[in-house]
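input.txt (compact mmCIF, C-alpha atoms)
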# COMPACT_ATOMS: atom_id res chain seq x y z
CA MET E 1055 13.59 138.46 -16.21
CA ARG E 1056 16.22 139.94 -18.48
CA PRO E 1057 16.97 139.65 -22.20
CA TYR E 1058 19.70 137.25 -23.25
CA ARG E 1059 21.33 135.62 -26.26
CA THR E 1060 22.08 131.97 -26.91
CA ILE E 1061 22.72 129.64 -29.84
CA GLY E 1062 19.99 128.63 -32.24
CA HIS E 1063 20.67 124.89 -32.34
CA ALA E 1064 23.32 122.23 -31.79
CA SER E 1065 26.19 122.41 -34.25
CA GLU E 1066 29.46 120.88 -35.34
CA ALA E 1067 32.48 122.29 -37.17
CA GLU E 1068 35.75 120.54 -37.96
CA PHE E 1069 39.19 121.54 -39.23
CA THR E 1070 42.75 120.22 -39.26
CA GLU E 1071 45.73 122.15 -37.95
CA LYS E 1072 49.19 120.64 -38.49
CA ARG E 1073 47.65 117.18 -38.76
CA SER E 1074 45.71 117.58 -35.48
CA ARG E 1075 41.98 117.13 -36.00
CA PHE E 1076 39.73 119.53 -34.11
CA ILE E 1077 35.98 118.90 -33.84
CA GLY E 1078 34.08 121.79 -32.29
CA ARG E 1079 30.52 121.40 -31.08
CA CYS E 1080 27.98 123.72 -29.47
CA PHE E 1081 24.86 122.66 -27.60
CA PRO E 1082 22.02 124.73 -26.12
CA VAL E 1083 21.69 123.84 -22.41
CA GLN E 1084 19.50 125.00 -19.54
CA SER E 1085 21.57 123.84 -16.57
CA GLU E 1086 24.99 122.65 -15.46
CA ALA E 1087 23.58 119.15 -15.05
CA GLU E 1088 22.49 119.10 -18.69
CA ALA E 1089 25.90 120.39 -19.79
CA GLN E 1090 27.67 117.66 -17.82
CA GLU E 1091 25.36 114.99 -19.24
CA ILE E 1092 26.14 116.06 -22.82
CA LEU E 1093 29.85 116.30 -22.03
CA ALA E 1094 29.82 112.74 -20.68
CA ALA E 1095 28.18 111.51 -23.88
CA ILE E 1096 30.78 113.24 -26.07
CA ARG E 1097 33.62 111.84 -23.97
CA LYS E 1098 32.13 108.38 -24.37
CA LYS E 1099 31.74 108.83 -28.12
CA HIS E 1100 35.29 110.15 -28.49
CA TYR E 1101 36.94 107.97 -25.86
CA ASP E 1102 39.97 107.63 -28.15
CA ALA E 1103 40.50 111.38 -28.57
CA THR E 1104 43.57 113.04 -27.12
CA HIS E 1105 41.52 115.79 -25.45
CA ASN E 1106 37.87 116.77 -24.96
CA CYS E 1107 38.10 120.36 -23.77
CA TYR E 1108 35.02 122.41 -22.95
CA ALA E 1109 33.54 125.66 -21.78
CA TYR E 1110 29.99 126.53 -20.83
CA ILE E 1111 27.91 129.44 -19.58
CA VAL E 1112 24.52 128.88 -17.97
CA GLY E 1113 21.76 131.17 -16.68
CA GLU E 1114 19.99 134.24 -17.99
CA ASP E 1115 22.54 136.38 -16.14
CA GLY E 1116 25.44 134.36 -17.53
CA LEU E 1117 27.14 134.19 -14.13
CA THR E 1118 27.68 130.42 -14.06
CA ALA E 1119 30.71 129.62 -16.22
CA ARG E 1120 33.06 126.64 -16.24
CA TYR E 1121 35.85 125.37 -18.48
CA SER E 1122 38.45 122.62 -18.69
CA ASP E 1123 41.73 122.20 -20.59
CA ASP E 1124 41.42 118.41 -20.23
CA GLY E 1125 45.17 117.83 -20.13
CA GLU E 1126 46.26 120.59 -22.52
CA PRO E 1127 48.70 123.16 -21.04
CA GLN E 1128 46.87 125.41 -18.58
CA GLY E 1129 45.05 128.30 -20.20
CA THR E 1130 45.43 127.09 -23.79
CA ALA E 1131 42.07 125.41 -24.42
CA GLY E 1132 39.06 125.81 -22.15
CA GLN E 1133 39.68 129.45 -21.27
CA PRO E 1134 40.10 130.65 -24.88
CA MET E 1135 36.86 128.82 -25.71
CA LEU E 1136 35.10 130.51 -22.81
CA GLU E 1137 36.36 133.91 -23.97
CA VAL E 1138 34.79 133.29 -27.39
CA LEU E 1139 31.41 132.59 -25.74
CA LYS E 1140 31.73 135.73 -23.61
CA ALA E 1141 32.74 137.85 -26.59
CA LYS E 1142 29.58 136.76 -28.40
CA GLY E 1143 27.51 137.65 -25.35
CA ILE E 1144 25.77 134.30 -25.21
CA THR E 1145 24.62 132.06 -22.37
CA ASN E 1146 22.91 128.69 -21.91
CA VAL E 1147 25.54 127.19 -24.19
CA LEU E 1148 28.05 124.34 -23.96
CA CYS E 1149 31.04 124.24 -26.30
CA ILE E 1150 33.22 121.13 -26.61
CA ALA E 1151 36.39 120.87 -28.69
CA THR E 1152 37.63 117.35 -29.36
CA ARG E 1153 41.25 117.02 -30.49
CA TYR E 1154 42.97 114.08 -32.13
CA PHE E 1155 46.70 114.80 -31.90
CA GLY E 1156 48.46 114.63 -35.26
CA GLY E 1157 52.02 114.31 -34.05
CA ILE E 1158 53.11 117.92 -34.46
CA LEU E 1159 53.21 120.22 -31.42
CA LEU E 1160 51.33 123.49 -31.88
CA GLY E 1161 52.89 125.41 -29.01
CA ALA E 1162 50.91 127.46 -26.50
CA GLY E 1163 49.98 130.20 -28.96
CA GLY E 1164 48.96 127.68 -31.60
CA LEU E 1165 46.76 125.83 -29.14
CA VAL E 1166 45.03 129.01 -28.02
CA ARG E 1167 44.29 129.95 -31.63
CA ALA E 1168 43.10 126.46 -32.54
CA TYR E 1169 40.73 126.08 -29.61
CA ALA E 1170 39.39 129.61 -30.01
CA ARG E 1171 38.76 128.88 -33.69
CA SER E 1172 37.04 125.61 -32.82
CA ALA E 1173 34.63 127.45 -30.51
CA ALA E 1174 34.07 130.32 -32.95
CA ASP E 1175 33.39 128.00 -35.89
CA ALA E 1176 30.93 125.94 -33.85
CA CYS E 1177 29.11 129.08 -32.68
CA SER E 1178 28.87 130.36 -36.25
CA ALA E 1179 27.41 127.05 -37.38
CA ALA E 1180 24.85 127.15 -34.55
CA GLY E 1181 23.59 130.66 -35.27
CA LEU E 1182 22.51 133.09 -32.58
CA ILE E 1183 19.07 133.92 -31.23
CA GLU E 1184 17.97 136.40 -28.62
CA TYR E 1185 15.19 136.25 -26.08
CA ILE E 1186 13.52 139.61 -25.50
CA CYS E 1187 11.39 140.44 -22.48
CA ALA E 1188 7.78 140.49 -23.61
CA VAL E 1189 4.27 140.98 -22.31
CA SER E 1190 1.01 139.43 -23.51
CA PHE E 1191 -2.47 140.91 -23.93
CA ASP E 1192 -5.93 139.91 -24.99
CA VAL E 1193 -7.27 142.57 -27.33
CA ASN E 1194 -11.07 142.37 -27.48
CA ILE E 1195 -12.93 144.35 -30.14
CA ASP E 1196 -16.33 144.40 -31.86
CA TYR E 1197 -16.57 142.87 -35.32
CA SER E 1198 -17.35 146.28 -36.79
CA ARG E 1199 -13.96 147.64 -35.71
CA TYR E 1200 -11.83 144.52 -36.15
CA GLY E 1201 -10.92 145.26 -39.76
CA ALA E 1202 -9.65 148.71 -38.83
CA ILE E 1203 -7.11 147.45 -36.31
CA GLU E 1204 -6.15 143.98 -37.54
CA GLY E 1205 -3.37 145.24 -39.80
CA PHE E 1206 -1.92 147.48 -37.11
CA VAL E 1207 -1.95 144.72 -34.50
CA ARG E 1208 -0.33 142.17 -36.80
CA SER E 1209 2.39 144.62 -37.88
CA THR E 1210 3.16 145.65 -34.30
CA ALA E 1211 2.80 142.50 -32.21
CA GLN E 1212 3.06 138.75 -32.49
CA VAL E 1213 -0.44 137.34 -32.84
CA ASP E 1214 -0.65 134.09 -30.88
CA ALA E 1215 -4.35 133.34 -31.43
CA VAL E 1216 -7.59 134.89 -32.70
CA ASN E 1217 -10.95 133.81 -31.27
CA PHE E 1218 -14.25 134.73 -32.91
CA THR E 1219 -17.24 134.60 -30.57
CA ASP E 1220 -19.74 137.40 -29.99
CA SER E 1221 -16.71 139.67 -30.49
CA VAL E 1222 -13.11 139.20 -31.63
CA THR E 1223 -10.28 138.51 -29.20
CA MET E 1224 -6.69 138.68 -30.42
CA SER E 1225 -4.12 137.17 -28.07
CA VAL E 1226 -0.86 138.97 -28.72
CA SER E 1227 2.70 139.30 -27.42
CA LEU E 1228 5.15 142.14 -27.93
CA GLU E 1229 8.32 143.62 -26.52
CA GLU E 1230 7.83 144.98 -23.04
CA SER E 1231 9.36 148.33 -24.02
CA LYS E 1232 6.69 148.83 -26.72
CA ALA E 1233 3.66 147.87 -24.63
CA ASP E 1234 2.58 151.35 -23.47
CA GLU E 1235 2.73 152.81 -26.97
CA PHE E 1236 0.85 149.81 -28.36
CA ARG E 1237 -1.99 150.25 -25.88
CA ALA E 1238 -2.15 154.00 -26.47
CA GLN E 1239 -2.34 153.62 -30.25
CA LEU E 1240 -4.98 150.91 -30.04
CA THR E 1241 -7.09 153.10 -27.78
CA GLU E 1242 -6.73 156.02 -30.20
CA LYS E 1243 -7.55 153.96 -33.30
CA THR E 1244 -10.74 152.61 -31.72
CA ASP E 1245 -11.88 155.76 -29.94
CA GLY E 1246 -11.46 153.84 -26.70
CA ARG E 1247 -13.79 151.05 -27.74
CA VAL E 1248 -11.35 148.23 -27.12
CA ARG E 1249 -10.60 146.07 -24.11
CA ILE E 1250 -6.91 145.35 -23.56
CA THR E 1251 -6.31 142.81 -20.81
CA PRO E 1252 -2.79 141.87 -19.64
CA THR E 1253 -2.38 138.09 -19.63
CA GLY E 1254 1.23 137.51 -18.63
CA SER E 1255 4.89 138.00 -19.42
CA GLY E 1256 7.66 135.96 -20.98
CA TYR E 1257 10.05 136.10 -23.90
CA LEU E 1258 9.95 136.66 -27.62
CA CYS E 1259 12.59 134.81 -29.61
CA ARG E 1260 14.24 136.19 -32.73
CA GLU E 1261 17.26 135.39 -34.87
CA VAL E 1262 20.34 137.58 -34.54
CA LYS E 1263 21.38 138.60 -38.02
CA SER E 1264 25.05 138.20 -38.87
CA SER E 1265 26.97 141.43 -39.38
CA THR E 1266 29.24 139.79 -41.94
As structure tokens, what does this structure read like?
Amino acid sequence: MRPYRTIGHASEAEFTEKRSRFIGRCFPVQSEAEAQEILAAIRKKHYDATHNCYAYIVGEDGLTARYSDDGEPQGTAGQPMLEVLKAKGITNVLCIATRYFGGILLGAGGLVRAYARSAADACSAAGLIEYICAVSFDVNIDYSRYGAIEGFVRSTAQVDAVNFTDSVTMSVSLEESKADEFRAQLTEKTDGRVRITPTGSGYLCREVKSST
């Protein structure tokens, strides 16, 4: 497992450049097969478009990447879109730019700028999220000590569930890098009278705040 970034949701952004209409879309995907399925649906929807160019990156490591100029001059569409995705450091994303030609040639430089903008606008509309490597614990404590640690636990970890039986068990998740400190502080705050049981590993998801 490794941390990674992707888009928050499917998106669409449109603009016109010298009478050519560009429709940029981003989709979260988990596999090449899913990317190809979505691409086929967009091509069917926009069967009358001049071009349906695309780029996608799949996998937590981001090593699987494909793109297509779909009839535009080589290197002027799919590759600039792919570079936008790489520059944002995202994966598990498909970007499609649909173009309806407006009758005025844009030239190679104009095409590169237009397709890069289409991808960038669609990514901005989708928002970014990151998945952080996390671990999960069951924190078991007596009722008499629950009040003393509840605030600390909730401010430090994500509380997934709380079960009240003969004692209190808080099921929590937190960043892997903070796990040792979390356990040490809990032990200190309870004078060692707490049971902390690892229950698994996975990801925590959080929104990436825009720097603009």
What lies within 9 Å of stretch 1234-1244 of chain E using all atoms listed in the file, ignoring chain neighbours under 4 positions off, as number ranges by chain?
-> E: 1195, 1199, 1202-1203, 1206-1207, 1210-1211, 1228, 1230, 1248-1250
Nearby residues (all atoms listed in the file) at most 7 Å from E:Phe1081, same-chain spacing under 4 positions excluded, as a PyMOL selection string | chain E and resi 1063-1065+1147-1149
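Excluding E:Glu1229 itself and same-chain residues fewer than 6 positions from it, the residues having an atom within 12 Å of it are Arg1056, Pro1057, Tyr1185, Ile1186, Cys1187, Ala1188, Val1189, Ser1190, Phe1191, Thr1210, Ala1211, Gln1212, Glu1235, Phe1236, Ser1255, Gly1256, Tyr1257, Leu1258, Cys1259 and Arg1260 of chain E, counting all atoms listed in the file.
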Which is closer to E:Gly1164 than all the others in E:Ser1231, E:Gln1090, E:Pro1127, E:Thr1118, using only C-alpha atoms?
->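 Closest residue, counting only C-alpha atoms: E:Pro1127.
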Please indicate the distance in Å from atom CA of E:Tyr1101 to atom CA of E:Asp1123, rounded to one decimal place.
->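 According to the coordinates, atom CA of E:Tyr1101 and atom CA of E:Asp1123 are separated by 15.9 Å.
Near E:Gly1157, within 9 Å and counting all atoms listed in the file, sit E:Lys1072, E:Arg1073, E:Ser1074; same-chain residues fewer than 6 positions away were not included.
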Do you know which residues are at most 12 Å from E:Thr1104 counting only C-alpha atoms, after dropping those on the same chain fewer than 2 positions away, and could you put them as a PyMOL selection string?
-> chain E and resi 1074-1077+1097+1100-1102+1106-1107+1123-1126+1151-1157
Counting all atoms listed in the file, the residue of E:Ala1179, E:Ala1095, E:Val1166, E:Ala1109 that sits nearest E:Thr1130 =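 Checking each candidate against E:Thr1130, we get E:Val1166 as the closest.
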Which is closer to E:Val1262 than all the others in E:Leu1165, E:Ala1103, E:Val1226, E:Ile1061, using all atoms listed in the file?
->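 Comparing E:Leu1165, E:Ala1103, E:Val1226, E:Ile1061 against E:Val1262, the winner is E:Ile1061.
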The residue from E:Ala1168, E:Ala1094, E:Val1112, E:Ile1144 with the smallest atom-to-atom distance to E:Ala1180, counting all atoms listed in the file, is E:Ile1144
From the list E:Arg1120, E:Lys1140, E:His1105, E:Arg1247, which residue is nearest E:Gly1078 when using all atoms listed in the file?
->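 Using all atoms listed in the file, E:Gly1078 sits closest to E:His1105.
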Kindly indicate which residue among E:Asn1194, E:Glu1114, E:Ile1150, E:Ser1172 lies nearest to E:Ile1092, using all atoms listed in the file for the distances.
-> E:Ile1150
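Atom to atom, atom CA of E:Asp1220 and atom CA of E:Ala1233 stand 26.2 Å apart.
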To one decimal place, how far is atom CA of E:Asn1217 from atom CA of E:Gly1254 in Å?
->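 Straight-line distance from atom CA of E:Asn1217 to atom CA of E:Gly1254 works out to 17.9 Å.
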Where atoms are lacking, stretch 1060-1072 of chain E completed to N, CA, C and O atoms, as a short mmCIF file (atom, residue, chain, number, x, y, z; two decimals), in the coordinates of the input:
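Result saved to out28.cif:
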data_model
loop_
_atom_site.label_atom_id
_atom_site.label_comp_id
_atom_site.auth_asym_id
_atom_site.auth_seq_id
_atom_site.Cartn_x
_atom_site.Cartn_y
_atom_site.Cartn_z
N THR E 1060 21.57 133.33 -26.96
CA THR E 1060 22.08 131.97 -26.91
C THR E 1060 22.23 131.47 -28.34
O THR E 1060 22.05 132.23 -29.30
N ILE E 1061 22.58 130.20 -28.50
CA ILE E 1061 22.72 129.64 -29.84
C ILE E 1061 21.38 129.14 -30.34
O ILE E 1061 20.49 128.81 -29.55
N GLY E 1062 21.26 129.04 -31.66
CA GLY E 1062 19.99 128.63 -32.24
C GLY E 1062 19.75 127.13 -32.19
O GLY E 1062 18.62 126.68 -32.03
N HIS E 1063 20.82 126.34 -32.31
CA HIS E 1063 20.67 124.89 -32.34
C HIS E 1063 22.04 124.25 -32.13
O HIS E 1063 23.08 124.93 -32.19
N ALA E 1064 22.06 122.95 -31.91
CA ALA E 1064 23.32 122.23 -31.79
C ALA E 1064 24.07 122.28 -33.11
O ALA E 1064 23.46 122.34 -34.19
N SER E 1065 25.40 122.26 -33.03
CA SER E 1065 26.19 122.41 -34.25
C SER E 1065 27.50 121.65 -34.15
O SER E 1065 27.91 121.23 -33.06
N GLU E 1066 28.16 121.53 -35.28
CA GLU E 1066 29.46 120.88 -35.34
C GLU E 1066 30.29 121.51 -36.44
O GLU E 1066 29.77 121.83 -37.52
N ALA E 1067 31.56 121.74 -36.18
CA ALA E 1067 32.48 122.29 -37.17
C ALA E 1067 33.84 121.64 -36.97
O ALA E 1067 34.29 121.47 -35.84
N GLU E 1068 34.50 121.29 -38.06
CA GLU E 1068 35.75 120.54 -37.96
C GLU E 1068 36.83 121.16 -38.85
O GLU E 1068 36.53 121.68 -39.94
N PHE E 1069 38.06 121.12 -38.40
CA PHE E 1069 39.19 121.54 -39.23
C PHE E 1069 40.44 120.79 -38.77
O PHE E 1069 40.46 120.17 -37.69
N THR E 1070 41.48 120.86 -39.58
CA THR E 1070 42.75 120.22 -39.26
C THR E 1070 43.85 121.28 -39.19
O THR E 1070 43.93 122.13 -40.08
N GLU E 1071 44.63 121.22 -38.14
CA GLU E 1071 45.73 122.15 -37.95
C GLU E 1071 47.00 121.34 -37.68
O GLU E 1071 47.11 120.67 -36.65
N LYS E 1072 47.94 121.39 -38.62
CA LYS E 1072 49.19 120.64 -38.49
C LYS E 1072 48.93 119.18 -38.11
O LYS E 1072 49.50 118.64 -37.17
#
